[in-house]
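*Asks:* I'm passing along upload_32.txt; it holds compact mmCIF, C-alpha atoms.
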# COMPACT_ATOMS: atom_id res chain seq x y z
CA MET A 12 0.00 0.00 0.00
CA PRO A 13 1.22 3.56 -0.69
CA ARG A 14 1.85 6.13 2.04
CA CYS A 15 -0.55 9.00 2.69
CA PRO A 16 0.86 12.14 1.00
CA ARG A 17 -0.40 14.32 3.87
CA CYS A 18 0.65 12.51 7.08
CA GLN A 19 2.88 9.76 5.62
CA SER A 20 0.85 7.12 7.45
CA GLU A 21 0.91 3.55 6.15
CA SER A 22 -2.60 2.95 7.51
CA VAL A 23 -4.21 3.23 4.10
CA ILE A 24 -7.17 1.39 2.57
CA LYS A 25 -8.54 1.13 -0.96
CA ASN A 26 -11.40 3.51 -1.66
CA GLY A 27 -12.76 2.78 -5.13
CA HIS A 28 -11.55 4.22 -8.44
CA ILE A 29 -11.46 7.55 -10.24
CA GLN A 30 -13.07 8.07 -13.67
CA SER A 31 -10.01 6.78 -15.53
CA GLY A 32 -10.13 3.51 -13.57
CA GLN A 33 -7.03 4.28 -11.47
CA PRO A 34 -7.43 3.02 -7.87
CA LYS A 35 -8.14 5.57 -5.16
CA PHE A 36 -7.01 5.29 -1.53
CA ALA A 37 -8.08 6.77 1.80
CA CYS A 38 -5.92 7.38 4.89
CA LYS A 39 -7.38 6.00 8.13
CA GLN A 40 -5.37 8.48 10.19
CA CYS A 41 -6.19 11.86 8.62
CA GLY A 42 -8.99 10.95 6.19
CA ARG A 43 -7.11 12.17 3.07
CA GLN A 44 -8.25 10.59 -0.20
CA PHE A 45 -5.62 10.32 -2.90
CA VAL A 46 -4.41 8.55 -6.03
CA GLU A 47 -1.00 6.92 -6.09
CA ALA A 48 1.53 8.76 -8.27
CA SER A 49 -1.06 11.38 -9.18
CA GLN A 50 -0.06 13.64 -12.07
CA GLN A 51 -1.66 17.00 -11.50
CA ARG A 52 -2.38 18.84 -14.73
CA LEU A 53 -1.47 22.52 -14.50
CA ILE A 54 -3.62 24.92 -16.53
CA PRO A 55 -1.39 27.41 -18.42
CA PRO A 56 -2.05 31.17 -18.09
CA GLU A 57 -3.00 31.36 -21.75
CA THR A 58 -5.85 28.91 -21.22
CA LYS A 59 -7.06 30.82 -18.16
CA ALA A 60 -7.03 34.05 -20.18
CA LEU A 61 -9.11 32.34 -22.88
CA VAL A 62 -11.57 31.06 -20.26
CA ASP A 63 -11.92 34.62 -18.91
CA LYS A 64 -12.79 35.87 -22.40
CA LEU A 65 -15.29 33.08 -22.98
CA LEU A 66 -16.99 33.83 -19.65
CA LEU A 67 -17.81 37.25 -21.09
CA GLU A 68 -19.50 35.76 -24.14
CA ARG A 69 -22.70 33.80 -24.61
CA VAL A 70 -21.00 30.44 -24.03
CA SER A 71 -22.10 27.88 -21.45
CA LEU A 72 -19.64 26.26 -19.05
CA ALA A 73 -20.04 23.00 -20.97
CA GLY A 74 -19.16 24.88 -24.15
CA ILE A 75 -16.03 26.32 -22.53
CA VAL A 76 -14.99 22.78 -21.54
CA ARG A 77 -15.36 21.67 -25.17
CA VAL A 78 -13.45 24.66 -26.55
CA THR A 79 -10.53 24.74 -24.09
CA GLY A 80 -10.22 21.06 -23.11
CA VAL A 81 -10.17 21.78 -19.37
CA SER A 82 -12.11 19.51 -17.04
CA ALA A 83 -15.62 20.47 -15.95
CA ARG A 84 -14.60 20.10 -12.31
CA TRP A 85 -11.61 22.45 -12.64
CA LEU A 86 -13.70 24.97 -14.55
CA GLN A 87 -16.41 25.02 -11.88
CA TYR A 88 -13.84 25.63 -9.13
CA TYR A 89 -12.22 28.35 -11.24
CA VAL A 90 -15.55 30.04 -11.95
CA ASN A 91 -16.51 29.93 -8.26
CA GLN A 92 -13.29 31.75 -7.35
CA LYS A 93 -13.58 34.16 -10.27
CA TYR A 94 -17.13 35.21 -9.39
CA GLU A 95 -16.30 35.73 -5.71
CA GLY A 96 -13.63 38.29 -6.66
CA PRO A 97 -15.35 41.20 -8.48
CA PRO A 98 -16.26 44.15 -6.20
CA ARG A 99 -20.01 44.60 -5.80
CA ARG A 100 -19.71 48.30 -6.66
CA ALA A 101 -19.00 50.14 -9.90
CA GLU A 102 -15.56 51.77 -9.90
CA VAL A 103 -16.19 54.83 -12.08
CA PRO A 104 -15.10 58.48 -12.01
CA VAL A 105 -17.75 61.04 -11.06
CA LYS A 106 -17.92 64.05 -13.36
CA LYS A 107 -18.48 67.58 -12.11
CA SER A 108 -20.89 68.41 -14.93
CA ARG A 109 -24.62 67.73 -14.97
CA LEU A 110 -25.32 64.07 -14.18
CA THR A 111 -28.18 62.20 -15.84
CA ILE A 112 -28.98 58.58 -15.06
CA GLN A 113 -31.29 56.06 -16.71
CA CYS A 114 -32.50 53.10 -14.63
CA ASP A 115 -34.23 49.83 -15.40
CA GLU A 116 -34.73 46.33 -13.98
CA LEU A 117 -33.85 43.07 -15.74
CA TRP A 118 -35.60 39.81 -14.90
CA SER A 119 -33.50 36.69 -14.36
CA PHE A 120 -33.65 33.49 -12.32
CA VAL A 121 -31.45 31.01 -10.46
CA GLY A 122 -32.10 27.28 -10.68
CA LYS A 123 -35.75 27.61 -11.66
CA LYS A 124 -37.91 30.41 -12.99
CA ALA A 125 -39.88 30.67 -9.76
CA LYS A 126 -36.66 31.83 -8.02
CA LYS A 127 -36.45 35.32 -9.50
CA TYR A 128 -33.38 37.56 -9.30
CA TRP A 129 -33.99 41.10 -10.58
CA VAL A 130 -30.96 43.01 -11.87
CA TRP A 131 -31.34 46.74 -11.08
CA LEU A 132 -29.09 48.93 -13.25
CA ALA A 133 -28.19 52.62 -13.44
CA LEU A 134 -26.41 54.07 -16.51
CA ASP A 135 -24.75 57.47 -16.93
CA VAL A 136 -26.20 59.01 -20.09
CA GLU A 137 -23.08 60.99 -21.06
CA THR A 138 -20.38 58.36 -20.46
CA ARG A 139 -22.54 55.22 -21.03
CA LEU A 140 -20.96 53.72 -17.89
CA ILE A 141 -22.88 51.46 -15.53
CA VAL A 142 -22.62 53.44 -12.29
CA GLY A 143 -24.86 51.32 -10.08
CA CYS A 144 -26.16 47.77 -9.86
CA PHE A 145 -28.09 45.68 -7.37
CA ILE A 146 -29.38 42.14 -7.73
CA GLY A 147 -32.31 41.05 -5.61
CA ALA A 148 -36.08 41.33 -5.41
CA ARG A 149 -38.19 43.73 -7.44
CA ASP A 150 -39.42 45.75 -4.48
CA GLU A 151 -38.51 48.82 -2.45
CA ALA A 152 -35.51 47.00 -0.95
CA GLY A 153 -34.19 46.38 -4.46
CA ALA A 154 -34.54 50.06 -5.37
CA GLN A 155 -32.81 50.98 -2.11
CA GLY A 156 -29.99 48.58 -2.94
CA LEU A 157 -29.53 50.28 -6.32
CA TRP A 158 -29.46 53.67 -4.61
CA GLN A 159 -26.82 52.54 -2.12
CA SER A 160 -24.66 51.03 -4.89
CA LEU A 161 -24.14 54.46 -6.51
CA PRO A 162 -21.16 56.74 -5.84
CA ALA A 163 -22.02 59.61 -3.50
CA GLY A 164 -21.76 62.22 -6.26
CA TYR A 165 -24.57 60.61 -8.23
CA ARG A 166 -26.82 60.29 -5.20
CA GLN A 167 -26.36 63.99 -4.43
CA CYS A 168 -26.70 65.57 -7.88
CA ALA A 169 -28.00 63.24 -10.59
CA VAL A 170 -31.30 63.56 -12.45
CA TRP A 171 -33.07 60.20 -12.76
CA TYR A 172 -35.18 58.76 -15.57
CA THR A 173 -37.02 55.50 -14.86
CA ASP A 174 -40.15 53.65 -15.87
CA PHE A 175 -43.31 53.83 -13.77
CA TRP A 176 -42.37 51.04 -11.35
CA ARG A 177 -43.56 52.37 -7.97
CA ALA A 178 -40.46 51.35 -5.99
CA TYR A 179 -38.42 54.10 -7.66
CA ALA A 180 -40.70 56.85 -6.40
CA LYS A 181 -40.30 55.59 -2.82
CA VAL A 182 -36.50 55.78 -2.89
CA LEU A 183 -35.32 58.39 -5.41
CA PRO A 184 -35.45 62.14 -4.63
CA SER A 185 -38.80 63.38 -5.95
CA LYS A 186 -37.40 66.67 -7.31
CA ARG A 187 -34.82 64.88 -9.47
CA HIS A 188 -36.82 61.80 -10.44
CA HIS A 189 -38.79 61.58 -13.71
CA ALA A 190 -40.96 58.55 -14.45
CA VAL A 191 -41.35 58.25 -18.22
CA SER A 192 -42.72 55.82 -20.79
CA LYS A 193 -40.54 53.81 -23.16
CA GLN A 194 -41.87 55.85 -26.06
CA SER A 195 -40.21 58.98 -24.61
CA GLY A 196 -36.72 57.62 -25.39
CA LYS A 197 -35.47 58.75 -21.97
CA THR A 198 -34.62 55.16 -20.94
CA SER A 199 -33.52 53.84 -24.34
CA LEU A 200 -29.82 53.55 -23.41
CA ILE A 201 -30.34 51.38 -20.35
CA GLU A 202 -32.87 49.23 -22.22
CA ARG A 203 -30.26 48.73 -24.94
CA PHE A 204 -27.73 47.69 -22.32
CA ASN A 205 -30.23 45.15 -20.98
CA ASN A 206 -30.30 43.63 -24.46
CA THR A 207 -26.50 43.53 -24.46
CA LEU A 208 -26.50 41.69 -21.15
CA ARG A 209 -28.93 39.08 -22.42
CA GLN A 210 -26.98 38.72 -25.67
CA ARG A 211 -23.60 38.31 -23.97
CA CYS A 212 -24.45 36.40 -20.77
CA SER A 213 -25.98 32.99 -21.44
CA ARG A 214 -27.32 32.69 -17.88
CA LEU A 215 -29.50 35.79 -18.47
CA VAL A 216 -31.24 34.47 -21.59
CA ARG A 217 -34.96 33.97 -20.98
CA GLU A 218 -35.08 30.43 -22.40
CA THR A 219 -31.77 28.82 -21.48
CA LEU A 220 -30.15 25.64 -20.21
CA SER A 221 -27.19 27.69 -18.94
CA CYS A 222 -29.00 29.17 -15.94
CA SER A 223 -27.15 29.79 -12.71
CA LYS A 224 -27.43 27.14 -10.00
CA LYS A 225 -26.04 29.35 -7.22
CA GLY A 226 -27.12 32.88 -6.41
CA ILE A 227 -23.59 34.02 -5.57
CA ASN A 228 -22.33 32.92 -9.00
CA HIS A 229 -25.27 34.61 -10.69
CA ILE A 230 -24.45 37.91 -8.99
CA GLY A 231 -20.72 37.46 -9.59
CA ALA A 232 -21.24 36.80 -13.31
CA VAL A 233 -23.21 40.02 -13.74
CA TRP A 234 -20.61 42.08 -11.88
CA PHE A 235 -17.78 40.38 -13.79
CA PHE A 236 -19.38 41.52 -17.05
CA ILE A 237 -20.13 45.05 -15.75
CA HIS A 238 -16.52 45.63 -14.67
CA ASP A 239 -15.24 44.46 -18.06
CA TYR A 240 -17.82 46.60 -19.89
CA ASN A 241 -16.92 49.72 -17.85
CA ALA A 242 -13.18 49.15 -18.40
CA ARG A 243 -13.70 48.93 -22.16
CA GLN A 244 -15.94 52.00 -22.14
CA LEU A 245 -13.38 54.01 -20.14
CA GLY A 246 -10.74 52.96 -22.68
CA ARG A 247 -12.89 54.25 -25.55
CA LEU A 248 -13.52 57.54 -23.71
CA ALA A 249 -9.80 57.99 -23.09
CA THR A 250 -9.03 57.33 -26.77
CA ALA A 251 -11.68 59.80 -27.90
CA THR A 252 -10.32 62.45 -25.53
CA THR A 253 -6.76 61.93 -26.79
CA ARG A 254 -7.83 62.27 -30.44
CA ALA A 255 -9.80 65.41 -29.65
Spell out the structure here as structure tokens.
*Replies:*
Amino acid sequence: MPRCPRCQSESVIKNGHIQSGQPKFACKQCGRQFVEASQQRLIPPETKALVDKLLLERVSLAGIVRVTGVSARWLQYYVNQKYEGPPRRAEVPVKKSRLTIQCDELWSFVGKKAKKYWVWLALDVETRLIVGCFIGARDEAGAQGLWQSLPAGYRQCAVWYTDFWRAYAKVLPSKRHHAVSKQSGKTSLIERFNNTLRQRCSRLVRETLSCSKKGINHIGAVWFFIHDYNARQLGRLATATTRA
């Protein structure tokens, strides 16, 4: 019998097989399960970079496994860590000029359609940056979460355009809040961004097999996309300023 790689104990028993048929062992002293002469496959940085790009496209995890050749188990662990990392707040500069924000809510679900997760979004009209986001219920608490997610400068000065959902009126400052219809065009930019989210994130598609199974991953995936979108938008703004 082999020795335990953790405690070097010889008190080891057989414990079935792994998928390839190689025997698996378990240590009676420390409980470690292991495979004799295991050859751990290291994922190169180039593959991880490709996975990061594919996570920002409308590709399921199973599709990423097929494209990159990584194992489904490794990918799930990697995704779990990746989606825990993004800050749950938009990191954007606050302008000193007049601030105008468009807001909207995006329906999504986790596990099953009865378990709804509403994505509340706020977009700066001039810069096209997502300046606030909250994911939760479609009620006053959700609107309050969106309000709290915004930088202080936007909460103090911005003019708001939303639809007629009543939760907005309970949270946003009445003197700076305007409830408008879709036909007015005052919320067209945020509605277009909602379409972008659904087009790029497979777990946000209405009819999908790629739905999130865990709420924390669902929230992390949305924030992961928002941070990438804002970074690209800031890059375009910087390029336009330099050319001007």
*Asks:* When you look at Gln19 (chain A) with a cut-off of 10 Å (counting only C-alpha atoms), what residues show up, excluding the ones that are within fewer than 6 positions of it in the same chain? I need them as a PDB file with C-alpha atoms, keeping the file's coordinate frame.
*Replies:*
ATOM      1  CA  PRO A  13       1.220   3.560  -0.690  1.00  0.00           C
ATOM      2  CA  CYS A  38      -5.920   7.380   4.890  1.00  0.00           C
ATOM      3  CA  GLN A  40      -5.370   8.480  10.190  1.00  0.00           C
ATOM      4  CA  CYS A  41      -6.190  11.860   8.620  1.00  0.00           C
TER       5      CYS A  41
END
*Asks:* I'd like the neighbourhood of Ile54 (chain A) as a list in words, where a residue qualifies if any of its atoms comes within 10 Å (using all atoms listed in the file), though same-chain residues fewer than 5 positions away should be ignored.
*Replies:*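 In the requested form, the answer reads Lys59, Val81 and Trp85 of chain A.
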*Asks:* For Lys25 (chain A), find every residue with an atom within 10 Å (counting only C-alpha atoms), except residues of its own chain fewer than 2 positions away, and show them as a PyMOL selection string.
*Replies:* chain A and resi 12+23+27-28+34-38+44-46
*Asks:* May I have the residues within 9 Å of region 112-118 of chain A as a PyMOL selection string, using all atoms listed in the file and disregarding those fewer than 4 positions away in the same chain?
*Replies:* chain A and resi 127-137+142+149+165+169-174+197-202+205+215+217
*Asks:* Keeping only C-alpha atoms, write those residues as a PDB file, in the coordinates of the input.
*Replies:*
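Contents of the output file again-v7.pdb:
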ATOM      1  CA  LYS A 127     -36.450  35.320  -9.500  1.00  0.00           C
ATOM      2  CA  TYR A 128     -33.380  37.560  -9.300  1.00  0.00           C
ATOM      3  CA  TRP A 129     -33.990  41.100 -10.580  1.00  0.00           C
ATOM      4  CA  VAL A 130     -30.960  43.010 -11.870  1.00  0.00           C
ATOM      5  CA  TRP A 131     -31.340  46.740 -11.080  1.00  0.00           C
ATOM      6  CA  LEU A 132     -29.090  48.930 -13.250  1.00  0.00           C
ATOM      7  CA  ALA A 133     -28.190  52.620 -13.440  1.00  0.00           C
ATOM      8  CA  LEU A 134     -26.410  54.070 -16.510  1.00  0.00           C
ATOM      9  CA  ASP A 135     -24.750  57.470 -16.930  1.00  0.00           C
ATOM     10  CA  VAL A 136     -26.200  59.010 -20.090  1.00  0.00           C
ATOM     11  CA  GLU A 137     -23.080  60.990 -21.060  1.00  0.00           C
ATOM     12  CA  VAL A 142     -22.620  53.440 -12.290  1.00  0.00           C
ATOM     13  CA  ARG A 149     -38.190  43.730  -7.440  1.00  0.00           C
ATOM     14  CA  TYR A 165     -24.570  60.610  -8.230  1.00  0.00           C
ATOM     15  CA  ALA A 169     -28.000  63.240 -10.590  1.00  0.00           C
ATOM     16  CA  VAL A 170     -31.300  63.560 -12.450  1.00  0.00           C
ATOM     17  CA  TRP A 171     -33.070  60.200 -12.760  1.00  0.00           C
ATOM     18  CA  TYR A 172     -35.180  58.760 -15.570  1.00  0.00           C
ATOM     19  CA  THR A 173     -37.020  55.500 -14.860  1.00  0.00           C
ATOM     20  CA  ASP A 174     -40.150  53.650 -15.870  1.00  0.00           C
ATOM     21  CA  LYS A 197     -35.470  58.750 -21.970  1.00  0.00           C
ATOM     22  CA  THR A 198     -34.620  55.160 -20.940  1.00  0.00           C
ATOM     23  CA  SER A 199     -33.520  53.840 -24.340  1.00  0.00           C
ATOM     24  CA  LEU A 200     -29.820  53.550 -23.410  1.00  0.00           C
ATOM     25  CA  ILE A 201     -30.340  51.380 -20.350  1.00  0.00           C
ATOM     26  CA  GLU A 202     -32.870  49.230 -22.220  1.00  0.00           C
ATOM     27  CA  ASN A 205     -30.230  45.150 -20.980  1.00  0.00           C
ATOM     28  CA  LEU A 215     -29.500  35.790 -18.470  1.00  0.00           C
ATOM     29  CA  ARG A 217     -34.960  33.970 -20.980  1.00  0.00           C
TER      30      ARG A 217
END
*Asks:* Please list as an mmCIF file with C-alpha atoms, in the coordinates of the input every residue within 9 Å of Asn228 (chain A), counting only C-alpha atoms and excluding residues in the same chain fewer than 6 positions away.
*Replies:*
data_model
loop_
_atom_site.group_PDB
_atom_site.id
_atom_site.type_symbol
_atom_site.label_atom_id
_atom_site.label_comp_id
_atom_site.auth_asym_id
_atom_site.auth_seq_id
_atom_site.Cartn_x
_atom_site.Cartn_y
_atom_site.Cartn_z
ATOM 1 C CA VAL A 90 -15.550 30.040 -11.950
ATOM 2 C CA ASN A 91 -16.510 29.930 -8.260
ATOM 3 C CA LYS A 93 -13.580 34.160 -10.270
ATOM 4 C CA TYR A 94 -17.130 35.210 -9.390
ATOM 5 C CA GLU A 95 -16.300 35.730 -5.710
#
*Asks:* Just how far from CA of Ala249 (chain A) is CA of Leu61 (chain A), in Å to one decimal?
*Replies:*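 Here the two named atoms are 25.7 Å from each other.
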*Asks:* One decimal, in Å: what's the spacing between CA of Val62 (chain A) and CA of Cys212 (chain A)?
*Replies:*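 Between CA of Val62 (chain A) and CA of Cys212 (chain A) the gap works out to 14.0 Å.
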*Asks:* Closest to Asp239 (chain A) among A:Lys224, A:Arg43, A:Arg69, A:Lys64, using all atoms listed in the file?
*Replies:*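 Among the listed residues, A:Lys64 lies closest to Asp239 (chain A).
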*Asks:* Determine the nearest neighbour of Phe120 (chain A) from the options A:Ile29, A:Leu157, A:Ile146, A:Val103, counting all atoms listed in the file.
*Replies:*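 So, comparing all the options, the nearest one is A:Ile146.
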*Asks:* Given the choices A:Arg203, A:Arg139, A:Lys123, A:Lys181, which gets closest to Leu245 (chain A) if the distance is worked out from all atoms listed in the file?
*Replies:* A:Arg139
*Asks:* Can you tell me how far CA of Ile24 (chain A) sits from CA of Ala48 (chain A), in Å to one decimal?
*Replies:*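 If I compute the distance from CA of Ile24 (chain A) to CA of Ala48 (chain A), I get 15.7 Å.
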*Asks:* Measuring between all atoms listed in the file, which one of A:Gln167, A:Glu151, A:Tyr89, A:Gln159 shows the shortest distance to Ala180 (chain A)?
*Replies:*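 Of A:Gln167, A:Glu151, A:Tyr89, A:Gln159, the one nearest Ala180 (chain A), counting all atoms listed in the file, is A:Glu151.
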*Asks:* Counting all atoms listed in the file, note down every residue that has an atom within 9 Å of the point (-26.5, 32.6, -22.2) (file coordinates), as a ChimeraX atom specification.
*Replies:* /A:68-71,209-222
*Asks:* Taking all atoms of region 49-68 of chain A that the file lists, what box with edges along x, y and z, padded by 3 Å per side, do you get, with centre and edge lengths in Å to one decimal, as JSON?
*Replies:*
{"center_x": -9.8, "center_y": 24.3, "center_z": -16.7, "size_x": 25.4, "size_y": 31.9, "size_z": 21.0}
*Asks:* Out of A:Arg166, A:Arg17, A:Arg187, A:Arg99, which residue has the shortest atom-to-atom distance to Ala232 (chain A) when counting only C-alpha atoms?
*Replies:* A:Arg99
*Asks:* Counting all atoms listed in the file, which residues come within 12 Å of (-24.9, 51.6, 0.9), with the point read in the file's coordinates, and could you list them as a compact mmCIF listing (two decimals) with C-alpha atoms, keeping the file's coordinate frame?
*Replies:*
# COMPACT_ATOMS: atom_id res chain seq x y z
CA ARG A 99 -20.01 44.60 -5.80
CA ARG A 100 -19.71 48.30 -6.66
CA GLY A 143 -24.86 51.32 -10.08
CA CYS A 144 -26.16 47.77 -9.86
CA PHE A 145 -28.09 45.68 -7.37
CA ALA A 152 -35.51 47.00 -0.95
CA GLY A 153 -34.19 46.38 -4.46
CA ALA A 154 -34.54 50.06 -5.37
CA GLN A 155 -32.81 50.98 -2.11
CA GLY A 156 -29.99 48.58 -2.94
CA LEU A 157 -29.53 50.28 -6.32
CA TRP A 158 -29.46 53.67 -4.61
CA GLN A 159 -26.82 52.54 -2.12
CA SER A 160 -24.66 51.03 -4.89
CA LEU A 161 -24.14 54.46 -6.51
CA PRO A 162 -21.16 56.74 -5.84
CA ALA A 163 -22.02 59.61 -3.50
CA ARG A 166 -26.82 60.29 -5.20
*Asks:* All heavy atoms for region 186-195 of chain A, written as a CSV table (one decimal), keeping the file's coordinate frame, could you do that?
*Replies:*
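Output file part_22.csv follows:
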chain,number,residue,atom,x,y,z
A,186,LYS,N,-37.7,65.5,-6.5
A,186,LYS,CA,-37.4,66.7,-7.3
A,186,LYS,C,-36.5,66.3,-8.5
A,186,LYS,O,-36.4,67.1,-9.5
A,186,LYS,CB,-36.8,67.8,-6.5
A,186,LYS,CG,-37.7,68.4,-5.4
A,186,LYS,CD,-37.1,69.5,-4.7
A,186,LYS,CE,-38.0,70.1,-3.6
A,186,LYS,NZ,-37.4,71.2,-2.9
A,187,ARG,N,-35.8,65.2,-8.4
A,187,ARG,CA,-34.8,64.9,-9.5
A,187,ARG,C,-35.2,63.6,-10.2
A,187,ARG,O,-34.5,63.1,-11.0
A,187,ARG,CB,-33.4,64.7,-8.9
A,187,ARG,CG,-32.8,66.1,-8.4
A,187,ARG,CD,-31.4,65.9,-8.0
A,187,ARG,NE,-31.3,65.4,-6.6
A,187,ARG,CZ,-30.6,64.4,-6.2
A,187,ARG,NH1,-29.9,63.6,-7.2
A,187,ARG,NH2,-30.5,64.0,-5.0
A,188,HIS,N,-36.4,63.1,-9.9
A,188,HIS,CA,-36.8,61.8,-10.4
A,188,HIS,C,-37.9,62.1,-11.5
A,188,HIS,O,-38.9,62.8,-11.2
A,188,HIS,CB,-37.3,60.9,-9.3
A,188,HIS,CG,-37.9,59.6,-9.9
A,188,HIS,ND1,-39.1,59.1,-9.4
A,188,HIS,CD2,-37.6,58.8,-10.9
A,188,HIS,CE1,-39.4,58.0,-10.1
A,188,HIS,NE2,-38.5,57.8,-11.0
A,189,HIS,N,-37.8,61.4,-12.7
A,189,HIS,CA,-38.8,61.6,-13.7
A,189,HIS,C,-39.2,60.2,-14.2
A,189,HIS,O,-38.4,59.4,-14.7
A,189,HIS,CB,-38.3,62.4,-14.9
A,189,HIS,CG,-37.7,63.7,-14.5
A,189,HIS,ND1,-38.6,64.8,-14.3
A,189,HIS,CD2,-36.5,64.2,-14.3
A,189,HIS,CE1,-37.9,65.9,-14.0
A,189,HIS,NE2,-36.6,65.5,-14.0
A,190,ALA,N,-40.4,59.8,-14.0
A,190,ALA,CA,-41.0,58.6,-14.4
A,190,ALA,C,-41.5,58.8,-15.9
A,190,ALA,O,-42.4,59.6,-16.1
A,190,ALA,CB,-42.1,58.0,-13.5
A,191,VAL,N,-41.0,58.0,-16.8
A,191,VAL,CA,-41.4,58.2,-18.2
A,191,VAL,C,-41.7,56.9,-18.9
A,191,VAL,O,-41.4,55.8,-18.4
A,191,VAL,CB,-40.2,58.9,-19.0
A,191,VAL,CG1,-39.9,60.3,-18.4
A,191,VAL,CG2,-38.9,58.0,-18.9
A,192,SER,N,-42.4,57.0,-20.0
A,192,SER,CA,-42.7,55.8,-20.8
A,192,SER,C,-41.6,55.5,-21.7
A,192,SER,O,-40.7,56.3,-22.0
A,192,SER,CB,-44.0,56.1,-21.6
A,192,SER,OG,-43.7,57.1,-22.6
A,193,LYS,N,-41.6,54.2,-22.2
A,193,LYS,CA,-40.5,53.8,-23.2
A,193,LYS,C,-40.6,54.6,-24.4
A,193,LYS,O,-39.5,54.8,-25.1
A,193,LYS,CB,-40.7,52.3,-23.5
A,193,LYS,CG,-40.4,51.4,-22.3
A,193,LYS,CD,-40.5,50.0,-22.8
A,193,LYS,CE,-40.1,49.0,-21.6
A,193,LYS,NZ,-40.1,47.6,-22.0
A,194,GLN,N,-41.7,55.1,-24.8
A,194,GLN,CA,-41.9,55.8,-26.1
A,194,GLN,C,-41.1,57.2,-26.0
A,194,GLN,O,-40.8,57.8,-27.0
A,194,GLN,CB,-43.3,56.1,-26.4
A,194,GLN,CG,-44.1,54.8,-26.9
A,194,GLN,CD,-44.3,53.8,-25.7
A,194,GLN,OE1,-44.4,54.2,-24.6
A,194,GLN,NE2,-44.5,52.6,-26.1
A,195,SER,N,-40.9,57.7,-24.8
A,195,SER,CA,-40.2,59.0,-24.6
A,195,SER,C,-38.7,58.9,-25.0
A,195,SER,O,-38.2,60.0,-25.4
A,195,SER,CB,-40.3,59.4,-23.1
A,195,SER,OG,-39.5,58.6,-22.3
